[in-house]
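Student: What follows is a single structure, and I will ask about it in a moment.
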Amino acid sequence: MTNGFPSGFTWGAATASYQVEGAVASDGRGPSIWDTFAHTPGRIADGTNGDVADDHYHRFAEDIRLLADLGLNAYRFSIAWPRIVPTGSGAVNPAGLDFYRRLAETCLENGVTPYATLYHWDLPQPLEDAGGWLVRDTAERFRDYAAVTHDALSDVIKHWMTLNEPWCSAFLGYGSGEHAPGRTVGTEALKAVHHLLLGHGLALDAIRSDGAAYGIALNPAPIHAASDSPADRDAARRIDGLRNRLFLEPLLTGRYPADVLEDTGTTAWFAEREADLPLIGAPLDFVGVNYYCPTTVAAPDGLISAPGTSSQPGSENVVAVDTGLPETQMGWPIQASGLRDILVTINKLAPELPLYVTENGSAYPDVVTADGTVEDDERLDYLRRHVAVCKDLVSEGFPLKGYFAWSLLDNFEWAWGHSRRFGIVYVDYATQERIVKKSARWLRDFLA
Ligand code: FCB
C-alpha cells in the first residue's frame with residue numbers, strides 16, 4: 001500500500017503527440033489536420049502552433065527519466081498516425097514506427113509502463129481532404145493504421161487505447177469548429193461520432209490479442225440541470241445524451257440512445273448502420289476517463305446560439321450556467337466529487353469493468369520565481385482533491401486501476417496554443433528547460 005493505494009495501482013502522467021512532439025517535418029511525418037488548422041490565421045488564440053512544442057521528439061528520453069524520478073510508473077502518450085502512415089493510407093513509414101519503439105523501450109528501461117493511444121486527434125490531412133470522419137472510409141483506414149502499428153510494437157506496448165475523446169473529435173472538430181478540421185456541419189457531426197466509434201471497433205477487432213489490454217479514453221462528465229424546471233431538466237437530458245450516453249451506451253451496451261438520435265433527427269441514418277453495433281460494443285478490457293469538471297445547463301426561452309456552429313447539435317439553445325464554484329484558468333469549475341459521480345455512472349453500465357483516470361488536471365498562469373521554482377499551489381490543491389476521490393473509491397473496492405495526471409509537461413493546448421499550462425512540469429518554450437513544479441514535487445512525496 002502507498003498512502004492507501006494498493007501497490008499495483010498505476011500512477012502516470014499523460015501527453016499527446018501533436019501537443020508535445022514538435023518535429024512535424026522530421027523523418028517522413030506527413031501533415032495532419034492540426035498542422036493545417038494551427039497554421040490557419042485566427043484559429044489559435046495566441047497564434048502559435050505545434051511545429052516545435054516541447055521538442056519531445058528529441059527529448060523524450062530526458063522526459064521519461066523525469067517522469068520516473070517523480071515515482072510515476074506509467075506514461076500515457078499518443079502515437080501520431082501521420083508518422084506511421086504519412087498520407088493516411090498506403091505506404092508505411094518505418095522511421096515512425098522506430099520512434100515509438102525507442103520511446104516505449106525507454107519507458108521500460110526506466111521501469112515505466114507505456115500506455116499508447118492510437119488517435120489523439122492528428123488525422124492525416126489527405127484523409128480529411130477525402131471527407132475526414134464524416135465518411136466511413138476513414139474508419140477503415142484507422143483500422144489499417146492500428147493494425148500496422150500494433151503488429152510492429154505489440155512486444156513492447158501492452159496497454160492500448162484506440163481513441164482519445166471522440167466527443168471532441170466529432171463535436172469540436174465538425175460541430176463548433178473550435179478544433180481541427182474546423183468544420184461546422186450541424187447534426188451531420190453525428191456521422192463523425194459513428195465513424196469514430198466504428199473505427200474504434202474495427203481497430204480493436206484487428207489488434208486484440210492475448211496478454212495485452214485494450215480500451216478507449218472518453219471525456220464523460222456529470223451534467224446537472226440549473227433548476228427543476230421541465231425545460232432545464234430537458235436541457236440536462238439532452239447534453240448528458242450528447243456528451244455521455246451517445247458514447248458510453250454503444251460501447252458498453254451495444255445500443256445508441258434513441259432520444260439523442262431523435263433530438264438530432266438522425267434516427268433513420270443510424271438505423272441503416274445497426275449492423276456496426278456488435279463491433280462497436282465488443283468487450284473492452286478497460287475504459288479510460290478524462291475528467292476535468294462537471295457542467296450545469298439551462299434552456300432559456302427562445303435563445304438559439306448559432307445552429308450549425310455548435311458543439312451540441314440539435315440542442316443549440318442549451319447554455320452552460322455558472323454555479324459559483326471556483327474555476328481554473330480555463331473557466332472550468334472545480335468539483336472533485338464529479339470524478340466520483342462519473343466513474344460511478346460508468347460502473348453502473350459496466351460493473352466490474354476496470355476503469356482508469358486517463359487524464360485529470362488544471363491550467364493556471366504559472367510563474368517562475370526568482371529562485372527558479374514554480375509554486376503552483378492551486379494545481380497542487382486540484383490534484384490532491386482528485387487523488388483523494390480516487391483513494392476513497394479504491395478503498396471501497398471500486399475497480400479503479402490507475403490515475404494519470406494531465407499533463408506531464410506544459411504543452412500546445414489546442415485552440416489555446418501555448419497560452420494555457422497544464423503541466424506538472426513547467427516548460428520554458430524559449431530554452432526547452434523543464435522545471436518540476438510544486439504539484440509534481442507533492443506527487444513525488446506522496447508516492448515515495
Ligand atoms: C483534453 C485533451 C487533452 C488536453 C486536455 C486539457 O480534452 O484530451 O489533450 O488538451 O483536455
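Each chain of the C-alpha cells is named A, B, ... in the order shown, its residues numbered from 1; ligands are numbered from 1 in display order.
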With a distance cut-off of 12 Å and only C-alpha atoms, select the neighbouring residues of Arg208 in chain A, excluding the residue or stretch itself and same-chain residues fewer than 3 positions from it, and output the selection as a list in words.
Tutor: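 Selected residues are Arg143, Ala146, Ala147, His150, Asp151, Ser154, Lys158, His159, Trp160, Met161, Thr162, His200, Gly201, Leu202, Ala203, Leu204, Asp205, Gly211, Ala212, Ala213, Tyr214, Gly215, Ala282, Pro283, Leu284 and Asp285 of chain A.
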Student: Quick one: residues within 9 Å of range 40-51 of chain A, only C-alpha atoms counted, chain neighbours fewer than 5 positions away excluded, as a PDB file with N, CA and C atoms, in the first residue's frame?
Tutor:
```pdb
ATOM      1  N   TYR A  18       0.725  15.602 -30.918  1.00  0.00           N
ATOM      2  CA  TYR A  18       0.850  16.951 -31.511  1.00  0.00           C
ATOM      3  C   TYR A  18       1.129  18.007 -30.440  1.00  0.00           C
ATOM      4  N   GLN A  19       0.713  17.754 -29.215  1.00  0.00           N
ATOM      5  CA  GLN A  19       0.871  18.753 -28.159  1.00  0.00           C
ATOM      6  C   GLN A  19       2.304  18.863 -27.639  1.00  0.00           C
ATOM      7  N   VAL A  20       3.087  17.792 -27.794  1.00  0.00           N
ATOM      8  CA  VAL A  20       4.439  17.802 -27.204  1.00  0.00           C
ATOM      9  C   VAL A  20       5.575  17.532 -28.182  1.00  0.00           C
ATOM     10  N   GLU A  21       5.335  16.777 -29.239  1.00  0.00           N
ATOM     11  CA  GLU A  21       6.467  16.249 -30.012  1.00  0.00           C
ATOM     12  C   GLU A  21       7.246  17.298 -30.803  1.00  0.00           C
ATOM     13  N   GLY A  22       6.538  18.214 -31.463  1.00  0.00           N
ATOM     14  CA  GLY A  22       7.235  19.066 -32.439  1.00  0.00           C
ATOM     15  C   GLY A  22       7.740  18.194 -33.578  1.00  0.00           C
ATOM     16  N   ALA A  23       8.871  18.598 -34.209  1.00  0.00           N
ATOM     17  CA  ALA A  23       9.478  17.791 -35.279  1.00  0.00           C
ATOM     18  C   ALA A  23       8.441  17.362 -36.322  1.00  0.00           C
ATOM     19  N   VAL A  24       7.607  18.306 -36.713  1.00  0.00           N
ATOM     20  CA  VAL A  24       6.477  17.943 -37.573  1.00  0.00           C
ATOM     21  C   VAL A  24       6.887  17.539 -38.988  1.00  0.00           C
ATOM     22  N   ALA A  25       8.095  17.916 -39.380  1.00  0.00           N
ATOM     23  CA  ALA A  25       8.514  17.544 -40.742  1.00  0.00           C
ATOM     24  C   ALA A  25       9.655  16.526 -40.714  1.00  0.00           C
ATOM     25  N   TRP A  34      -4.141  19.033 -37.653  1.00  0.00           N
ATOM     26  CA  TRP A  34      -3.743  20.047 -36.671  1.00  0.00           C
ATOM     27  C   TRP A  34      -2.624  20.941 -37.201  1.00  0.00           C
ATOM     28  N   ASP A  35      -1.770  20.427 -38.089  1.00  0.00           N
ATOM     29  CA  ASP A  35      -0.783  21.303 -38.733  1.00  0.00           C
ATOM     30  C   ASP A  35      -1.515  22.354 -39.554  1.00  0.00           C
ATOM     31  N   GLU A 178     -14.219  24.584 -33.322  1.00  0.00           N
ATOM     32  CA  GLU A 178     -13.131  25.138 -32.484  1.00  0.00           C
ATOM     33  C   GLU A 178     -11.839  24.341 -32.613  1.00  0.00           C
ATOM     34  N   HIS A 179     -11.965  23.099 -33.018  1.00  0.00           N
ATOM     35  CA  HIS A 179     -10.795  22.231 -33.193  1.00  0.00           C
ATOM     36  C   HIS A 179     -10.684  21.821 -34.660  1.00  0.00           C
ATOM     37  N   ALA A 180      -9.508  21.347 -35.027  1.00  0.00           N
ATOM     38  CA  ALA A 180      -9.306  20.836 -36.384  1.00  0.00           C
ATOM     39  C   ALA A 180     -10.287  19.680 -36.641  1.00  0.00           C
ATOM     40  N   GLY A 182     -12.020  22.101 -38.067  1.00  0.00           N
ATOM     41  CA  GLY A 182     -12.665  23.411 -38.054  1.00  0.00           C
ATOM     42  C   GLY A 182     -13.910  23.488 -38.915  1.00  0.00           C
ATOM     43  N   ASN A 411       2.223  22.232 -22.516  1.00  0.00           N
ATOM     44  CA  ASN A 411       2.304  21.898 -23.942  1.00  0.00           C
ATOM     45  C   ASN A 411       1.360  22.747 -24.781  1.00  0.00           C
ATOM     46  N   PHE A 412       1.274  22.415 -26.049  1.00  0.00           N
ATOM     47  CA  PHE A 412       0.414  23.138 -27.003  1.00  0.00           C
ATOM     48  C   PHE A 412      -1.038  22.751 -26.727  1.00  0.00           C
ATOM     49  N   TRP A 414      -4.031  22.988 -27.864  1.00  0.00           N
ATOM     50  CA  TRP A 414      -5.011  23.055 -28.958  1.00  0.00           C
ATOM     51  C   TRP A 414      -5.346  24.511 -29.317  1.00  0.00           C
ATOM     52  N   ALA A 415      -6.635  24.863 -29.337  1.00  0.00           N
ATOM     53  CA  ALA A 415      -7.027  26.212 -29.789  1.00  0.00           C
ATOM     54  C   ALA A 415      -6.489  27.316 -28.876  1.00  0.00           C
ATOM     55  N   TRP A 416      -6.019  26.952 -27.692  1.00  0.00           N
ATOM     56  CA  TRP A 416      -5.435  27.927 -26.776  1.00  0.00           C
ATOM     57  C   TRP A 416      -3.938  28.107 -27.020  1.00  0.00           C
ATOM     58  N   GLY A 417      -3.386  27.297 -27.883  1.00  0.00           N
ATOM     59  CA  GLY A 417      -1.963  27.405 -28.162  1.00  0.00           C
ATOM     60  C   GLY A 417      -1.138  27.217 -26.895  1.00  0.00           C
ATOM     61  N   HIS A 418      -0.109  28.079 -26.748  1.00  0.00           N
ATOM     62  CA  HIS A 418       0.741  27.959 -25.564  1.00  0.00           C
ATOM     63  C   HIS A 418       0.273  28.859 -24.423  1.00  0.00           C
ATOM     64  N   SER A 419      -0.958  29.360 -24.522  1.00  0.00           N
ATOM     65  CA  SER A 419      -1.437  30.294 -23.502  1.00  0.00           C
ATOM     66  C   SER A 419      -2.093  29.603 -22.299  1.00  0.00           C
TER      67      SER A 419
END
```
Student: If you measure from CA of Phe422 in chain A to CA of Ala116 in chain A, what distance in Å do you get, rounded to one decimal?
Tutor: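 Separation between CA of Phe422 in chain A and CA of Ala116 in chain A: 19.8 Å.
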Student: In Å, how far is it from CA of Phe142 in chain A to CA of Arg273 in chain A?
Tutor: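 Separation of CA of Phe142 in chain A and CA of Arg273 in chain A: 18.3 Å.
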Student: Near Thr10 in chain A, within 7 Å and counting only C-alpha atoms, which residues show up once chain neighbours fewer than 2 positions away are dropped, as an MDAnalysis selection string?
Tutor: chainID A and resid 8 12 73:74 401:403
Student: Just the residues within 9 Å of range 90-103 of chain A, please, counting only C-alpha atoms, with nothing from its chain fewer than 3 positions along; format it as an MDAnalysis selection string.
Tutor: chainID A and resid 27:29 57 60:61 64 79:87 106:108 114 141 144:145 148:149 152:153 156:157
Student: Where does DSSP see helix (DSSP H, G or I) in range 380-422 of chain A, if you list the residues as a ChimeraX atom specification?
Tutor: /A:380-395,414-419
Student: Please check which protein, DNA or RNA residues sit within 7 Å of ligand 1, counting only C-alpha atoms and all ligand atoms, and write them as an mmCIF file with all heavy atoms, in the first residue's frame.
Tutor:
```cif
data_model
loop_
_atom_site.group_PDB
_atom_site.id
_atom_site.type_symbol
_atom_site.label_atom_id
_atom_site.label_comp_id
_atom_site.auth_asym_id
_atom_site.auth_seq_id
_atom_site.Cartn_x
_atom_site.Cartn_y
_atom_site.Cartn_z
ATOM 1 N N THR A 15 0.471 12.691 -22.117
ATOM 2 C CA THR A 15 0.722 13.726 -23.136
ATOM 3 C C THR A 15 0.014 13.271 -24.413
ATOM 4 O O THR A 15 -0.559 12.179 -24.456
ATOM 5 C CB THR A 15 2.223 13.887 -23.467
ATOM 6 O OG1 THR A 15 2.709 12.664 -24.054
ATOM 7 C CG2 THR A 15 3.062 14.245 -22.251
ATOM 8 N N ALA A 16 0.086 14.097 -25.447
ATOM 9 C CA ALA A 16 -0.418 13.697 -26.766
ATOM 10 C C ALA A 16 0.558 14.179 -27.823
ATOM 11 O O ALA A 16 1.167 15.248 -27.680
ATOM 12 C CB ALA A 16 -1.801 14.286 -27.018
ATOM 13 N N ASN A 164 -8.824 8.922 -28.314
ATOM 14 C CA ASN A 164 -8.956 9.853 -27.199
ATOM 15 C C ASN A 164 -10.137 10.783 -27.455
ATOM 16 O O ASN A 164 -10.181 11.475 -28.478
ATOM 17 C CB ASN A 164 -7.693 10.719 -27.062
ATOM 18 C CG ASN A 164 -7.828 11.712 -25.918
ATOM 19 O OD1 ASN A 164 -7.785 11.320 -24.753
ATOM 20 N ND2 ASN A 164 -8.017 12.981 -26.230
ATOM 21 N N GLU A 165 -11.090 10.787 -26.540
ATOM 22 C CA GLU A 165 -12.185 11.763 -26.533
ATOM 23 C C GLU A 165 -12.842 11.963 -27.898
ATOM 24 O O GLU A 165 -12.770 13.050 -28.486
ATOM 25 C CB GLU A 165 -11.684 13.105 -25.984
ATOM 26 C CG GLU A 165 -11.136 13.012 -24.581
ATOM 27 C CD GLU A 165 -10.848 14.376 -23.942
ATOM 28 O OE1 GLU A 165 -11.129 15.404 -24.592
ATOM 29 O OE2 GLU A 165 -10.378 14.415 -22.796
ATOM 30 N N ASN A 219 -14.300 11.370 -22.573
ATOM 31 C CA ASN A 219 -14.390 12.520 -21.657
ATOM 32 C C ASN A 219 -15.821 12.754 -21.180
ATOM 33 O O ASN A 219 -16.401 13.811 -21.394
ATOM 34 C CB ASN A 219 -13.820 13.799 -22.294
ATOM 35 C CG ASN A 219 -14.587 14.247 -23.525
ATOM 36 O OD1 ASN A 219 -15.112 13.423 -24.268
ATOM 37 N ND2 ASN A 219 -14.661 15.545 -23.745
ATOM 38 N N ASN A 290 -11.243 10.745 -18.944
ATOM 39 C CA ASN A 290 -10.560 12.036 -18.826
ATOM 40 C C ASN A 290 -11.533 12.977 -18.140
ATOM 41 O O ASN A 290 -12.581 13.306 -18.702
ATOM 42 C CB ASN A 290 -10.205 12.592 -20.209
ATOM 43 C CG ASN A 290 -9.229 11.690 -20.967
ATOM 44 O OD1 ASN A 290 -8.690 10.723 -20.413
ATOM 45 N ND2 ASN A 290 -9.002 12.006 -22.215
ATOM 46 N N TRP A 406 -2.895 14.930 -16.187
ATOM 47 C CA TRP A 406 -2.711 15.723 -17.407
ATOM 48 C C TRP A 406 -2.148 17.058 -16.960
ATOM 49 O O TRP A 406 -2.804 17.765 -16.231
ATOM 50 C CB TRP A 406 -4.012 15.924 -18.182
ATOM 51 C CG TRP A 406 -3.694 16.704 -19.429
ATOM 52 C CD1 TRP A 406 -3.674 18.076 -19.579
ATOM 53 C CD2 TRP A 406 -3.256 16.157 -20.686
ATOM 54 N NE1 TRP A 406 -3.250 18.408 -20.841
ATOM 55 C CE2 TRP A 406 -2.995 17.252 -21.538
ATOM 56 C CE3 TRP A 406 -3.064 14.843 -21.153
ATOM 57 C CZ2 TRP A 406 -2.546 17.066 -22.854
ATOM 58 C CZ3 TRP A 406 -2.625 14.674 -22.451
ATOM 59 C CH2 TRP A 406 -2.373 15.777 -23.290
ATOM 60 N N GLU A 413 -1.768 23.649 -26.075
ATOM 61 C CA GLU A 413 -3.138 23.329 -25.644
ATOM 62 C C GLU A 413 -4.149 23.688 -26.749
ATOM 63 O O GLU A 413 -4.969 24.572 -26.616
ATOM 64 C CB GLU A 413 -3.433 24.024 -24.308
ATOM 65 C CG GLU A 413 -4.850 23.856 -23.765
ATOM 66 C CD GLU A 413 -5.386 22.435 -23.743
ATOM 67 O OE1 GLU A 413 -4.610 21.484 -23.559
ATOM 68 O OE2 GLU A 413 -6.603 22.279 -23.926
ATOM 69 N N TRP A 414 -4.031 22.988 -27.864
ATOM 70 C CA TRP A 414 -5.011 23.055 -28.958
ATOM 71 C C TRP A 414 -5.346 24.511 -29.317
ATOM 72 O O TRP A 414 -4.441 25.299 -29.552
ATOM 73 C CB TRP A 414 -6.249 22.217 -28.600
ATOM 74 C CG TRP A 414 -5.874 20.819 -28.185
ATOM 75 C CD1 TRP A 414 -6.028 20.257 -26.941
ATOM 76 C CD2 TRP A 414 -5.241 19.797 -28.987
ATOM 77 N NE1 TRP A 414 -5.560 18.959 -26.929
ATOM 78 C CE2 TRP A 414 -5.074 18.655 -28.164
ATOM 79 C CE3 TRP A 414 -4.798 19.721 -30.319
ATOM 80 C CZ2 TRP A 414 -4.480 17.476 -28.628
ATOM 81 C CZ3 TRP A 414 -4.212 18.546 -30.783
ATOM 82 C CH2 TRP A 414 -4.063 17.453 -29.945
ATOM 83 N N PHE A 422 -0.887 23.194 -18.445
ATOM 84 C CA PHE A 422 -1.488 22.097 -17.675
ATOM 85 C C PHE A 422 -0.426 21.193 -17.041
ATOM 86 O O PHE A 422 -0.768 20.217 -16.384
ATOM 87 C CB PHE A 422 -2.355 21.224 -18.588
ATOM 88 C CG PHE A 422 -3.784 21.683 -18.778
ATOM 89 C CD1 PHE A 422 -4.132 22.504 -19.835
ATOM 90 C CD2 PHE A 422 -4.783 21.277 -17.904
ATOM 91 C CE1 PHE A 422 -5.453 22.907 -20.032
ATOM 92 C CE2 PHE A 422 -6.106 21.670 -18.084
ATOM 93 C CZ PHE A 422 -6.449 22.485 -19.154
#
```
Student: Contacts between range 247-267 of chain A and range 333-355 of chain A, please, where a residue of range 333-355 of chain A counts if it comes within 9 Å (with only C-alpha atoms); show its shortest atom pair and distance in Å to one decimal, rows by chain and ascending number, as CSV.
Tutor:
```
residue,atom,partner,partner_atom,distance
A:Ile346,CA,A:Leu248,CA,7.6
A:Leu349,CA,A:Leu252,CA,6.8
A:Ala350,CA,A:Leu252,CA,6.5
```
Student: For range 355-366 of chain A, work out the shell of residues within 7 Å, counting only C-alpha atoms and skipping chain neighbours fewer than 3 positions away, then give it as a PDB file with C-alpha atoms, in the first residue's frame.
Tutor:
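New file result_28.pdb:
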```pdb
ATOM      1  CA  ALA A  14      -0.150  11.804 -19.979  1.00  0.00           C
ATOM      2  CA  ALA A 217     -10.290   7.125 -23.423  1.00  0.00           C
ATOM      3  CA  PHE A 286     -10.861  -1.097 -19.554  1.00  0.00           C
ATOM      4  CA  VAL A 287     -12.299   2.353 -20.070  1.00  0.00           C
ATOM      5  CA  GLY A 288     -10.205   5.465 -19.565  1.00  0.00           C
ATOM      6  CA  VAL A 289     -11.936   8.557 -18.205  1.00  0.00           C
ATOM      7  CA  ASN A 290     -10.560  12.036 -18.826  1.00  0.00           C
ATOM      8  CA  TYR A 291     -12.158  14.207 -16.158  1.00  0.00           C
ATOM      9  CA  TYR A 292     -11.799  17.938 -15.661  1.00  0.00           C
ATOM     10  CA  THR A 328      -9.365  27.106 -13.193  1.00  0.00           C
ATOM     11  CA  GLN A 329      -7.845  29.413 -15.813  1.00  0.00           C
ATOM     12  CA  MET A 330      -9.912  27.582 -18.441  1.00  0.00           C
ATOM     13  CA  VAL A 374       7.223  27.105  -9.837  1.00  0.00           C
ATOM     14  CA  ASP A 376       1.649  26.079  -8.344  1.00  0.00           C
ATOM     15  CA  ARG A 379      -2.806  22.958  -9.219  1.00  0.00           C
ATOM     16  CA  LEU A 383      -4.505  17.307  -7.852  1.00  0.00           C
ATOM     17  CA  PRO A 399     -12.460  -1.220  -9.889  1.00  0.00           C
ATOM     18  CA  LEU A 400     -10.322   1.885 -10.417  1.00  0.00           C
ATOM     19  CA  LYS A 401      -6.877   0.768 -11.573  1.00  0.00           C
ATOM     20  CA  GLY A 402      -4.884   3.918 -12.188  1.00  0.00           C
ATOM     21  CA  TYR A 403      -4.575   7.683 -12.340  1.00  0.00           C
ATOM     22  CA  PHE A 404      -2.777   9.743 -14.995  1.00  0.00           C
ATOM     23  CA  ALA A 405      -2.142  13.432 -14.436  1.00  0.00           C
ATOM     24  CA  TRP A 406      -2.711  15.723 -17.407  1.00  0.00           C
ATOM     25  CA  SER A 407      -0.116  16.643 -18.273  1.00  0.00           C
ATOM     26  CA  ARG A 420      -2.624  27.564 -21.128  1.00  0.00           C
ATOM     27  CA  ARG A 421      -0.280  25.483 -18.964  1.00  0.00           C
ATOM     28  CA  PHE A 422      -1.488  22.097 -17.675  1.00  0.00           C
TER      29      PHE A 422
END
```
Student: When you count only C-alpha atoms, which of these residues is closest to Ala235 in chain A: A:Val436, A:Leu123, A:Ile223, A:Ala275?
Tutor: A:Ile223
Student: Taking only C-alpha atoms into account, name the residue in A:Asp371, A:Asp155, A:Asp240, A:Asp445 that is nearest to Ser209 in chain A.
Tutor: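 Of all the options, A:Asp155 lies closest to Ser209 in chain A.
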Student: Of the candidates A:Gly241, A:Gly338, A:Pro294, A:Gly173, which shows the shortest atom-to-atom distance to His386 in chain A, using only C-alpha atoms?
Tutor: A:Gly338
Student: Env of Ser176 in chain A: 12 Å cut, atoms = only C-alpha atoms, seq-sep filter 6 positions within chain, self excluded. Answer as a PyMOL selection string.
Tutor: chain A and resi 167-170+182-189+305-313+316
Student: Pull C-alpha atoms from the residues just selected and write them as an mmCIF file, in the first residue's frame.
Tutor:
```cif
data_model
loop_
_atom_site.group_PDB
_atom_site.id
_atom_site.type_symbol
_atom_site.label_atom_id
_atom_site.label_comp_id
_atom_site.auth_asym_id
_atom_site.auth_seq_id
_atom_site.Cartn_x
_atom_site.Cartn_y
_atom_site.Cartn_z
ATOM 1 C CA TRP A 167 -16.696 13.706 -28.381
ATOM 2 C CA CYS A 168 -14.078 16.388 -29.080
ATOM 3 C CA SER A 169 -13.135 14.976 -32.488
ATOM 4 C CA ALA A 170 -16.776 14.966 -33.575
ATOM 5 C CA GLY A 182 -12.665 23.411 -38.054
ATOM 6 C CA ARG A 183 -15.812 22.372 -39.897
ATOM 7 C CA THR A 184 -19.371 23.297 -38.854
ATOM 8 C CA VAL A 185 -21.789 20.753 -40.266
ATOM 9 C CA GLY A 186 -24.562 20.821 -37.639
ATOM 10 C CA THR A 187 -26.214 17.491 -36.856
ATOM 11 C CA GLU A 188 -24.131 15.846 -39.606
ATOM 12 C CA ALA A 189 -21.427 15.789 -36.915
ATOM 13 C CA SER A 305 -26.941 30.150 -30.328
ATOM 14 C CA ALA A 306 -25.984 29.919 -33.978
ATOM 15 C CA PRO A 307 -27.261 26.497 -35.064
ATOM 16 C CA GLY A 308 -24.690 24.868 -37.317
ATOM 17 C CA THR A 309 -21.774 26.185 -35.307
ATOM 18 C CA SER A 310 -22.381 24.404 -32.060
ATOM 19 C CA SER A 311 -20.721 21.638 -30.091
ATOM 20 C CA GLN A 312 -24.227 20.465 -29.124
ATOM 21 C CA PRO A 313 -26.008 19.919 -32.440
ATOM 22 C CA GLU A 316 -28.139 24.751 -29.606
#
```
